[in-house]
>>> print(open('coords18.cif').read())   # mmCIF, C-alpha atoms and all ligand atoms
data_query
#
loop_
_atom_site.label_atom_id
_atom_site.label_comp_id
_atom_site.auth_asym_id
_atom_site.auth_seq_id
_atom_site.Cartn_x
_atom_site.Cartn_y
_atom_site.Cartn_z
CA MET A 27 -28.62 39.35 22.10
CA THR A 28 -26.00 39.90 24.80
CA THR A 29 -24.63 42.99 26.44
CA ALA A 30 -21.20 44.11 25.31
CA ALA A 31 -20.26 44.49 28.95
CA ALA A 32 -18.60 41.38 30.33
CA ILE A 33 -18.45 39.92 26.85
CA ALA A 34 -16.37 36.94 27.86
CA GLY A 35 -17.75 36.73 31.39
CA ARG A 36 -14.82 34.73 32.64
CA ALA A 37 -14.33 34.24 36.38
CA PRO A 38 -11.40 36.13 37.91
CA GLU A 39 -8.13 34.33 38.49
CA ARG A 40 -7.42 33.38 42.07
CA ALA A 41 -5.02 35.19 44.41
CA PRO A 42 -2.58 36.74 44.10
CA ARG A 43 -4.03 38.39 41.02
CA ARG A 44 -1.71 40.42 38.84
CA ILE A 45 -3.28 43.83 38.47
CA SER A 46 -2.37 47.15 36.80
CA VAL A 47 -3.85 50.60 37.35
CA LEU A 48 -3.61 53.05 34.45
CA GLY A 49 -4.17 56.54 35.86
CA ALA A 50 -3.17 55.43 39.38
CA THR A 51 -2.77 58.96 40.80
CA GLY A 52 -6.30 60.05 39.86
CA SER A 53 -9.54 59.80 41.75
CA ILE A 54 -10.49 56.37 40.35
CA GLY A 55 -6.91 55.10 40.53
CA ARG A 56 -6.54 56.02 44.20
CA ASN A 57 -9.94 54.54 45.08
CA THR A 58 -8.90 51.33 43.33
CA LEU A 59 -5.62 51.17 45.22
CA ASP A 60 -7.44 51.90 48.46
CA LEU A 61 -9.39 48.65 47.96
CA ILE A 62 -6.33 46.72 46.88
CA GLY A 63 -4.28 48.01 49.83
CA ARG A 64 -6.80 46.49 52.25
CA ALA A 65 -5.96 42.96 51.08
CA PRO A 66 -2.39 43.19 49.76
CA GLU A 67 -1.83 39.43 49.91
CA GLU A 68 -4.51 38.98 47.26
CA TYR A 69 -2.87 41.17 44.62
CA GLN A 70 0.43 41.55 42.84
CA VAL A 71 0.64 45.08 41.42
CA VAL A 72 2.25 45.05 37.98
CA ALA A 73 2.15 48.57 36.53
CA LEU A 74 1.00 51.92 37.89
CA THR A 75 0.88 54.99 35.63
CA ALA A 76 0.40 58.76 35.86
CA ASN A 77 0.87 61.78 33.65
CA THR A 78 2.94 64.34 35.60
CA ASP A 79 2.47 63.47 39.28
CA ALA A 80 5.80 61.65 39.70
CA ARG A 81 5.93 62.03 43.48
CA GLY A 82 2.39 60.74 43.98
CA LEU A 83 3.07 57.84 41.64
CA ALA A 84 6.32 56.91 43.39
CA GLU A 85 4.56 56.85 46.79
CA LEU A 86 1.84 54.56 45.40
CA ALA A 87 4.40 52.31 43.68
CA LEU A 88 6.32 51.84 46.93
CA ARG A 89 3.23 51.36 49.08
CA HIS A 90 1.80 48.72 46.73
CA LYS A 91 5.14 47.11 45.77
CA ALA A 92 4.56 47.73 42.07
CA GLU A 93 6.88 46.19 39.49
CA LEU A 94 6.78 49.23 37.20
CA ALA A 95 5.90 52.94 37.48
CA VAL A 96 5.44 55.05 34.33
CA VAL A 97 4.84 58.76 33.82
CA ALA A 98 3.46 59.80 30.43
CA ASP A 99 5.14 63.19 30.59
CA PRO A 100 8.90 62.84 29.92
CA ASP A 101 9.52 66.06 31.92
CA ALA A 102 8.35 64.24 35.06
CA TYR A 103 10.77 61.35 34.60
CA ASP A 104 13.77 62.74 36.52
CA GLU A 105 11.63 63.24 39.62
CA LEU A 106 10.19 59.72 39.30
CA LYS A 107 13.67 58.22 38.95
CA THR A 108 14.97 60.18 41.95
CA CYS A 109 12.00 59.17 44.13
CA LEU A 110 12.41 55.48 43.25
CA SER A 111 16.20 55.19 43.08
CA GLY A 112 17.55 52.32 45.17
CA THR A 113 14.21 50.49 45.08
CA SER A 114 13.15 47.49 43.02
CA VAL A 115 10.50 49.49 41.11
CA GLU A 116 11.29 49.82 37.39
CA THR A 117 10.63 53.26 35.92
CA ALA A 118 9.86 54.57 32.44
CA SER A 119 8.32 57.60 30.74
CA GLY A 120 6.59 58.71 27.58
CA PRO A 121 3.51 57.64 25.63
CA GLU A 122 5.12 54.46 24.25
CA ALA A 123 6.23 53.37 27.73
CA LEU A 124 2.61 53.86 28.86
CA VAL A 125 1.38 51.54 26.11
CA GLU A 126 4.09 49.00 26.96
CA ALA A 127 3.10 49.12 30.65
CA ALA A 128 -0.57 48.57 29.76
CA GLY A 129 0.43 45.58 27.65
CA ARG A 130 2.40 43.85 30.45
CA PRO A 131 0.61 40.64 31.36
CA ALA A 132 -1.95 41.30 34.08
CA GLU A 133 -5.16 39.50 34.97
CA TRP A 134 -7.10 42.68 35.77
CA THR A 135 -6.49 46.24 34.60
CA MET A 136 -8.19 49.40 35.79
CA ALA A 137 -8.41 51.77 32.80
CA SER A 138 -8.73 55.16 34.48
CA ILE A 139 -6.59 57.59 32.52
CA MET A 140 -8.45 60.83 31.95
CA GLY A 141 -9.53 61.66 28.41
CA ALA A 142 -8.64 60.46 24.94
CA ALA A 143 -5.06 60.04 26.23
CA GLY A 144 -6.34 56.76 27.66
CA LEU A 145 -7.19 55.25 24.28
CA ARG A 146 -3.90 53.66 23.22
CA PRO A 147 -3.02 52.28 26.67
CA THR A 148 -6.52 50.87 27.16
CA PHE A 149 -6.48 49.22 23.73
CA ALA A 150 -3.09 47.72 24.66
CA ALA A 151 -4.59 46.33 27.87
CA VAL A 152 -7.56 44.94 25.92
CA ARG A 153 -5.22 43.11 23.53
CA GLN A 154 -3.95 41.03 26.46
CA GLY A 155 -7.41 39.45 26.58
CA ALA A 156 -7.65 39.91 30.33
CA CYS A 157 -10.22 41.60 32.53
CA ILE A 158 -10.64 45.33 31.82
CA ALA A 159 -12.38 47.49 34.41
CA LEU A 160 -13.33 50.44 32.24
CA ALA A 161 -13.62 53.84 33.94
CA ASN A 162 -12.22 55.82 30.98
CA LYS A 163 -15.37 56.98 29.19
CA GLU A 164 -13.53 58.20 26.16
CA CYS A 165 -12.79 54.68 24.86
CA LEU A 166 -16.47 54.07 24.25
CA VAL A 167 -17.39 57.66 23.38
CA THR A 168 -14.72 57.97 20.70
CA ALA A 169 -13.97 54.40 19.66
CA GLY A 170 -17.39 52.80 20.33
CA GLN A 171 -17.80 49.81 18.05
CA VAL A 172 -14.06 49.68 17.24
CA PHE A 173 -13.37 49.25 20.97
CA ILE A 174 -16.10 46.63 21.43
CA ASP A 175 -14.73 44.72 18.40
CA ALA A 176 -11.23 44.80 19.93
CA VAL A 177 -12.64 43.37 23.18
CA THR A 178 -14.49 40.63 21.30
CA GLN A 179 -11.45 39.70 19.23
CA SER A 180 -9.12 39.46 22.22
CA GLY A 181 -11.60 37.58 24.39
CA ALA A 182 -11.18 40.17 27.14
CA THR A 183 -13.80 40.62 29.86
CA LEU A 184 -15.13 44.19 29.85
CA LEU A 185 -16.60 45.48 33.09
CA PRO A 186 -18.04 49.01 33.23
CA VAL A 187 -16.92 51.07 36.22
CA ASP A 188 -18.88 54.28 35.65
CA SER A 189 -21.46 54.03 38.45
CA GLU A 190 -24.47 54.26 36.11
CA HIS A 191 -23.14 51.59 33.75
CA SER A 192 -22.05 49.32 36.57
CA ALA A 193 -25.59 49.74 37.92
CA ALA A 194 -27.17 48.93 34.54
CA PHE A 195 -24.91 45.93 34.15
CA GLN A 196 -25.98 44.66 37.57
CA ALA A 197 -29.67 45.25 36.79
CA ILE A 198 -29.63 43.62 33.36
CA ASP A 199 -30.94 40.11 33.50
CA GLN A 200 -28.67 38.51 30.87
CA PRO A 201 -31.06 35.74 29.76
CA ALA A 202 -33.84 38.32 29.38
CA CYS A 203 -31.85 41.22 27.97
CA ASP A 204 -33.95 41.17 24.77
CA ALA A 205 -36.85 42.24 26.99
CA VAL A 206 -35.14 45.49 28.09
CA GLU A 207 -37.33 48.39 26.97
CA ARG A 208 -35.55 51.35 28.50
CA ILE A 209 -32.40 52.21 30.43
CA THR A 210 -32.56 55.38 32.50
CA LEU A 211 -29.32 56.89 33.77
CA THR A 212 -29.58 59.13 36.78
CA ALA A 213 -27.78 62.47 37.03
CA SER A 214 -27.15 64.40 40.24
CA GLY A 215 -27.76 67.65 38.35
CA GLY A 216 -24.36 68.94 39.49
CA PRO A 217 -23.64 72.14 41.43
CA PHE A 218 -25.74 74.35 39.11
CA ARG A 219 -28.93 72.28 39.16
CA THR A 220 -30.93 75.18 40.61
CA TRP A 221 -28.93 78.04 39.06
CA SER A 222 -30.39 80.40 36.44
CA VAL A 223 -28.68 80.87 33.07
CA GLU A 224 -27.57 84.34 34.25
CA GLN A 225 -25.96 82.87 37.35
CA MET A 226 -24.25 80.15 35.30
CA ALA A 227 -22.92 82.78 32.87
CA ALA A 228 -20.92 84.22 35.78
CA ALA A 229 -19.88 80.86 37.28
CA ARG A 230 -16.17 80.50 38.06
CA PRO A 231 -14.13 77.29 37.97
CA GLU A 232 -14.23 77.05 41.78
CA ASP A 233 -18.07 77.09 41.65
CA ALA A 234 -18.16 74.32 39.04
CA LEU A 235 -15.70 72.22 41.05
CA LYS A 236 -18.02 72.03 44.08
CA HIS A 237 -19.87 68.84 43.25
CA PRO A 238 -22.68 68.19 45.74
CA ASN A 239 -22.25 64.38 45.98
CA TRP A 240 -19.23 62.94 44.19
CA SER A 241 -15.49 63.44 44.62
CA MET A 242 -13.91 63.20 41.14
CA GLY A 243 -11.12 64.64 39.01
CA GLN A 244 -11.53 68.25 37.82
CA LYS A 245 -12.44 67.52 34.19
CA LEU A 246 -15.23 65.15 35.12
CA THR A 247 -16.52 67.48 37.83
CA VAL A 248 -16.93 70.24 35.25
CA ASP A 249 -18.59 67.74 32.88
CA SER A 250 -21.06 67.00 35.66
CA ALA A 251 -21.81 70.71 36.01
CA THR A 252 -22.58 71.11 32.27
CA LEU A 253 -24.33 67.68 32.13
CA MET A 254 -21.94 66.76 29.30
CA ASN A 255 -20.96 63.89 31.56
CA LYS A 256 -24.46 62.48 31.24
CA GLY A 257 -24.30 62.97 27.47
CA LEU A 258 -21.02 61.03 27.33
CA GLU A 259 -22.61 58.34 29.49
CA LEU A 260 -25.55 58.00 27.08
CA ILE A 261 -23.04 57.28 24.33
CA GLU A 262 -21.21 54.78 26.56
CA ALA A 263 -24.48 53.02 27.40
CA PHE A 264 -25.43 52.83 23.72
CA HIS A 265 -22.26 50.82 23.03
CA LEU A 266 -22.44 48.66 26.14
CA PHE A 267 -26.06 47.55 26.25
CA PRO A 268 -28.58 46.00 23.83
CA VAL A 269 -30.70 49.12 23.25
CA GLU A 270 -31.16 51.77 20.58
CA ALA A 271 -30.36 55.42 21.32
CA GLY A 272 -34.10 56.15 21.67
CA GLN A 273 -34.36 53.66 24.54
CA LEU A 274 -31.86 55.59 26.66
CA ASP A 275 -33.07 58.22 29.07
CA VAL A 276 -31.77 60.52 31.77
CA VAL A 277 -33.50 61.60 34.96
CA VAL A 278 -32.12 64.05 37.50
CA HIS A 279 -31.90 62.48 40.95
CA PRO A 280 -30.13 64.93 43.27
CA GLN A 281 -29.38 62.41 46.05
CA SER A 282 -27.31 60.10 43.74
CA ILE A 283 -28.52 56.96 45.50
CA ILE A 284 -30.15 55.21 42.54
CA HIS A 285 -27.61 55.04 39.72
CA CYS A 286 -29.60 53.47 36.91
CA LEU A 287 -33.02 51.96 36.20
CA VAL A 288 -33.58 49.14 33.72
CA GLU A 289 -37.17 48.72 32.56
CA TYR A 290 -38.46 45.45 31.08
CA SER A 291 -41.32 44.67 28.69
CA ASP A 292 -43.50 43.40 31.57
CA GLY A 293 -43.30 46.77 33.31
CA SER A 294 -40.75 45.69 35.94
CA VAL A 295 -38.00 48.18 36.69
CA LEU A 296 -34.76 46.98 38.29
CA ALA A 297 -32.64 49.69 39.89
CA GLN A 298 -29.27 49.59 41.61
CA MET A 299 -28.69 51.69 44.71
CA SER A 300 -25.59 52.57 46.71
CA MET A 301 -24.18 55.61 48.45
CA PRO A 302 -22.24 57.88 46.04
CA ASP A 303 -18.80 56.34 46.52
CA MET A 304 -16.90 54.97 43.51
CA ARG A 305 -15.43 52.19 45.63
CA THR A 306 -18.73 50.32 45.25
CA PRO A 307 -18.62 49.97 41.43
CA ILE A 308 -14.84 49.49 41.55
CA ALA A 309 -15.25 46.68 44.11
CA TYR A 310 -17.90 45.12 41.88
CA SER A 311 -15.49 45.07 38.95
CA LEU A 312 -12.64 43.79 41.13
CA ALA A 313 -14.59 40.85 42.56
CA TYR A 314 -16.77 40.04 39.51
CA PRO A 315 -18.54 37.65 39.27
CA ASP A 316 -18.35 37.41 43.07
CA ARG A 317 -18.83 40.23 45.57
CA MET A 318 -16.31 41.65 48.01
CA TRP A 319 -16.62 43.81 51.10
CA ALA A 320 -16.14 47.54 50.45
CA PRO A 321 -15.49 50.18 53.13
CA THR A 322 -18.38 52.38 52.04
CA GLU A 323 -21.21 53.98 53.97
CA ARG A 324 -24.37 51.87 53.91
CA ILE A 325 -27.77 53.13 52.78
CA ASN A 326 -30.30 53.91 55.48
CA LEU A 327 -33.52 54.77 53.66
CA ALA A 328 -35.24 56.00 56.81
CA ASP A 329 -32.41 58.50 57.36
CA LEU A 330 -32.43 59.56 53.73
CA LYS A 331 -36.19 60.21 54.02
CA GLU A 332 -36.78 61.01 50.37
CA LEU A 333 -35.44 60.23 46.92
CA THR A 334 -36.50 62.82 44.36
CA PHE A 335 -36.51 62.92 40.56
CA GLU A 336 -36.96 65.61 37.91
CA PRO A 337 -36.50 65.83 34.14
CA PRO A 338 -33.22 67.35 32.90
CA ASP A 339 -33.55 70.93 31.67
CA GLU A 340 -31.92 70.85 28.24
CA LYS A 341 -32.42 74.60 27.79
CA ARG A 342 -30.16 75.45 30.72
CA PHE A 343 -27.94 72.40 30.08
CA PRO A 344 -27.67 72.08 26.27
CA ALA A 345 -24.73 69.65 26.50
CA LEU A 346 -27.11 66.74 26.93
CA ARG A 347 -28.91 67.57 23.67
CA ILE A 348 -25.59 68.17 21.88
CA ALA A 349 -24.27 64.76 22.95
CA ARG A 350 -27.50 63.05 21.89
CA GLU A 351 -27.30 64.71 18.47
CA ALA A 352 -23.68 63.58 18.14
CA LEU A 353 -24.71 60.01 18.98
CA ASP A 354 -27.40 60.17 16.27
CA ALA A 355 -24.91 61.68 13.79
CA GLY A 356 -22.45 58.78 14.19
CA ALA A 357 -18.94 57.84 15.23
CA ARG A 358 -17.20 60.82 13.62
CA ALA A 359 -19.35 63.27 15.56
CA THR A 360 -18.76 61.58 18.91
CA VAL A 361 -14.97 61.78 18.44
CA VAL A 362 -15.22 65.49 17.61
CA LEU A 363 -17.65 66.04 20.51
CA ASN A 364 -15.18 64.56 22.98
CA ALA A 365 -12.15 66.39 21.57
CA ALA A 366 -13.93 69.76 21.56
CA ASN A 367 -15.23 69.19 25.08
CA GLU A 368 -11.73 68.42 26.39
CA ILE A 369 -10.46 71.69 24.87
CA ALA A 370 -13.47 73.66 26.16
CA VAL A 371 -13.26 72.34 29.73
CA ARG A 372 -9.52 72.98 29.89
CA SER A 373 -10.07 76.55 28.63
CA PHE A 374 -12.79 77.11 31.25
CA LEU A 375 -10.56 75.77 34.05
CA GLN A 376 -7.79 78.10 32.85
CA GLY A 377 -10.21 81.04 33.15
CA LYS A 378 -10.14 81.73 29.40
CA ILE A 379 -13.83 81.13 28.63
CA GLY A 380 -17.06 81.33 30.61
CA PHE A 381 -19.04 78.33 31.80
CA LEU A 382 -21.78 78.62 29.16
CA SER A 383 -19.15 78.82 26.42
CA ILE A 384 -18.14 75.21 27.11
CA SER A 385 -21.25 73.87 25.38
CA GLU A 386 -21.23 76.70 22.83
CA LEU A 387 -17.68 75.87 21.74
CA VAL A 388 -18.48 72.16 21.51
CA GLU A 389 -21.58 72.83 19.41
CA ALA A 390 -19.74 75.28 17.14
CA THR A 391 -16.99 72.69 16.59
CA LEU A 392 -19.50 70.00 15.66
CA GLU A 393 -21.26 72.39 13.28
CA ARG A 394 -17.93 73.27 11.63
CA ASP A 395 -17.10 69.58 11.22
CA ALA A 396 -20.55 68.53 9.96
CA GLY A 397 -20.61 67.97 6.24
CA HIS A 398 -16.98 66.92 6.24
CA GLU A 399 -16.46 64.51 3.37
CA GLN A 400 -14.62 61.87 5.36
CA GLY A 401 -16.99 59.58 7.22
CA ASP A 402 -16.76 57.57 10.38
CA PRO A 403 -13.38 56.25 11.61
CA HIS A 404 -12.82 52.50 11.31
CA ASN A 405 -9.77 51.84 13.48
CA LEU A 406 -7.78 53.33 16.33
CA ASP A 407 -5.38 55.24 14.05
CA GLU A 408 -8.27 56.94 12.24
CA ILE A 409 -9.87 57.77 15.58
CA LEU A 410 -6.65 59.39 16.83
CA VAL A 411 -6.33 61.44 13.61
CA LEU A 412 -9.91 62.60 13.98
CA ASP A 413 -9.38 63.43 17.65
CA LYS A 414 -6.53 65.71 16.56
CA ILE A 415 -8.74 67.34 13.91
CA GLY A 416 -11.46 67.93 16.51
CA ARG A 417 -8.94 69.60 18.86
CA GLU A 418 -7.60 71.79 16.07
CA LEU A 419 -11.09 72.85 15.02
CA ALA A 420 -12.03 73.70 18.61
CA GLY A 421 -8.73 75.56 19.05
CA ALA A 422 -9.41 77.60 15.91
CA LEU A 423 -12.89 78.54 17.17
CA LEU A 424 -11.74 79.28 20.72
CA PRO A 425 -10.88 83.00 20.18
CA ARG A 426 -14.58 83.65 19.50
CA PHE A 427 -15.37 82.67 23.10
CA ILE A 428 -12.42 84.20 25.00
CA LEU A 429 -13.51 86.29 28.01
CA LYS A 430 -12.81 89.98 27.57
P1 LIG B 501 -8.37 62.33 37.49
O1 LIG B 501 -8.17 63.61 36.79
O2 LIG B 501 -8.59 62.35 38.96
O3 LIG B 501 -7.13 61.34 37.19
C1 LIG B 501 -6.71 61.12 35.89
C2 LIG B 501 -5.54 60.14 35.87
O4 LIG B 501 -5.09 60.06 34.51
C3 LIG B 501 -4.34 60.61 36.69
O5 LIG B 501 -3.60 59.49 37.11
C4 LIG B 501 -3.54 61.41 35.66
O6 LIG B 501 -2.16 61.55 36.01
C5 LIG B 501 -3.72 60.53 34.44
N1 LIG B 501 -3.59 61.29 33.20
C6 LIG B 501 -4.15 62.49 32.90
N2 LIG B 501 -3.78 62.88 31.67
C7 LIG B 501 -2.96 61.92 31.19
C8 LIG B 501 -2.23 61.78 29.98
N3 LIG B 501 -2.24 62.72 29.03
N4 LIG B 501 -1.49 60.67 29.81
C9 LIG B 501 -1.44 59.71 30.78
N5 LIG B 501 -2.10 59.80 31.95
C10 LIG B 501 -2.86 60.89 32.15
O7 LIG B 501 -9.58 61.60 36.74
P2 LIG B 501 -10.67 60.63 37.33
O8 LIG B 501 -10.03 59.55 38.14
O9 LIG B 501 -11.78 61.41 37.91
O10 LIG B 501 -11.26 59.99 35.99
C11 LIG B 501 -10.51 59.07 35.20
C12 LIG B 501 -11.40 58.47 34.12
O11 LIG B 501 -12.47 57.77 34.76
C13 LIG B 501 -12.07 59.53 33.23
O12 LIG B 501 -12.23 59.04 31.93
C14 LIG B 501 -13.44 59.73 33.88
O13 LIG B 501 -14.41 60.18 32.98
C15 LIG B 501 -13.73 58.31 34.36
N6 LIG B 501 -14.65 58.22 35.47
C16 LIG B 501 -14.33 58.82 36.67
C17 LIG B 501 -15.22 58.77 37.74
C18 LIG B 501 -14.89 59.41 39.06
O14 LIG B 501 -15.69 59.30 39.99
N7 LIG B 501 -13.75 60.07 39.23
C19 LIG B 501 -16.52 58.10 37.61
C20 LIG B 501 -16.71 57.46 36.33
C21 LIG B 501 -15.81 57.54 35.31
P3 LIG B 501 -1.63 62.84 36.87
O15 LIG B 501 -2.16 62.62 38.27
O16 LIG B 501 -0.17 62.78 36.79
O17 LIG B 501 -2.22 64.05 36.23
#
>>> encode(input="coords18.cif", output="C-alpha cells")
Amino acid sequence: MTTAAAIAGRAPERAPRRISVLGATGSIGRNTLDLIGRAPEEYQVVALTANTDARGLAELALRHKAELAVVADPDAYDELKTCLSGTSVETASGPEALVEAAGRPAEWTMASIMGAAGLRPTFAAVRQGACIALANKECLVTAGQVFIDAVTQSGATLLPVDSEHSAAFQAIDQPACDAVERITLTASGGPFRTWSVEQMAAARPEDALKHPNWSMGQKLTVDSATLMNKGLELIEAFHLFPVEAGQLDVVVHPQSIIHCLVEYSDGSVLAQMSMPDMRTPIAYSLAYPDRMWAPTERINLADLKELTFEPPDEKRFPALRIAREALDAGARATVVLNAANEIAVRSFLQGKIGFLSISELVEATLERDAGHEQGDPHNLDEILVLDKIGRELAGALLPRFILK
C-alpha cells in the first residue's frame, strides 16, 4: 500500500522552476509568494490568480514578474487591466481563463483558491502531470477518489499543504505504511474552545475571526471556530493516507505545535512539530523531496513549557460529528456537506445567521439530501452538479435560521 500523497514522488525540476499560484492574493498564496520572493532567481512565475482583488493581484504580478494575471470575477477585469497596462504581464478574466491559466505548463502549482471554486482550476493543474501543492481542501472533500484518480492518471506529484496533512505525510514511513494503526490530527480548538453553548449562541463574526494561533482567510477561520475545519481535514486525510475512517482521530492541542501524530503497530508514535506558521508546510512542498530554509520562528520547548491535549467536545462542536457522518455516508454526502457549509459560513459572516446555526444548517441540508435516489458522483461534472444542488438545498433551508 502507498499513500496517495506524493503519488509519483518525482524530484523537483532544477532552477529556475516554473511555478503558478492559484489564489495568489489569499493567505496561503501570499505566504507562498513570500517564500518565492526570497529567492527570485530560483523561480519563474507563470500564472497568478485571484477572484476580485485586482489591485492586490496586479501588485503581486509586478513584484514577481508573472507572465499572466487572472481574476475570476469579470467585474474586476477593468481594474486589473488598468493596473497592468504598459507592462509585460498578460491579463485575463472569468472562470474559463482561470482554468486556462492553471493549465499553462508549470513545474509546481500552489492550489490555494478558497472553496469548491478551486475544483476546476486544480483539476486543470493536475492534468499537466506536474507537482501540485494542495492547500485547497475542497478538492479532496468533494472529489475524493475522483481527484486521486486524476492525479494517478496524469502522473502528477501530490503534496499536501494543510499543516496536519503535511505533518502526517512527513511522519509516514513509506516502506512501513501498512503498519500505520492510527493518524491523529490536532486541532487548536479555535477561539471558542472554552466558551459555553450560550456564549457561542451570541458570538459575532468578529469573535469567530479572532483565531488564537493561525492567521488564515475568513472562511477557514470560521471553520476553525466551529471545528468543521477538522471535520473537513478528516475527510482529506481519509483520501490521502492508507487508513480507514475509524483509524482517524482528532485531539485538541491549544498550542498548535504538534500538527499530527502517526501511530504504528509496534506502539511507536511519530509526530511533526513546528510553530504555527503556514510557511513551514509550504516550504516543505516547495523543496520536496529536499528541505529549504524558511523564515519562521523556531521552537523552544523550554520557553513553551507545556504542550496540552484534550478530547474534542462534539456536543458543543457538532460539526466534527456531522463531517464524520458525511464521510461514512459517502461521496455524495461530503459534496453536500461542503456546499452547505460554504453557504452557512457566508451567511454567518454576513450577519444573517447565528454561529450555532452554521452546523444546524449543514446538518439540516444533509438530512434533506439523504435518501436522494441519485448516488455518489463519478466525475468532476457530476460533482459540480451536486455542489450546485447542495447550495440550492442549503439556500432553501436558510430562512429557517435567519436571525430575527
Ligand atoms: P483566502 O480567503 O485568504 O484566499 C482565497 C484565495 O482564493 C484568494 O486569492 C481569493 O481571491 C481566491 N478566491 C476566492 N474565491 C474565488 C473564486 N470564486 N474564484 C477564484 N478565486 C477565488 O483563503 P486561504 O488562503 O486561507 O485558504 C485557501 C485554501 O487553502 C482553502 O481551501 C483553505 O481551506 C486552504 N487552507 C488554508 C490554510 C491557511 O492557513 N490559510 C491552511 C490549510 C488549508 P480574492 O483575494 O480576490 O478574493
>>> residues_near_ligand(input="coords18.cif", ligand="ligand LIG 501 (chain B)", cutoff="8 Å", atoms="all atoms listed in the file", output="number ranges by chain")
A: 48-56, 75-80, 82-83, 97-99, 121, 124, 137-144, 160-164, 187-189, 240-247, 255, 303-304
>>> closest_residue(input="coords18.cif", among="A:Ser114, A:Ser214, A:Thr135, A:Ser119", to="A:Val47", atoms="all atoms listed in the file")
A:Thr135
>>> atom_distance(input="coords18.cif", atom1="atom CA of A:Ala251", atom2="atom CA of A:Asp275")
18.2 Å
>>> atom_distance(input="coords18.cif", atom1="atom CA of A:Glu418", atom2="atom CA of A:Val172")
23.1 Å
>>> residues_around(input="coords18.cif", residues="A:Ala194", least_positions_apart="6", cutoff="7 Å", atoms="only C-alpha atoms", output="PDB file with C-alpha atoms, in the coordinates of the input")
ATOM      1  CA  CYS A 286     -29.600  53.470  36.910  1.00  0.00           C
ATOM      2  CA  LEU A 287     -33.020  51.960  36.200  1.00  0.00           C
ATOM      3  CA  VAL A 288     -33.580  49.140  33.720  1.00  0.00           C
TER       4      VAL A 288
END
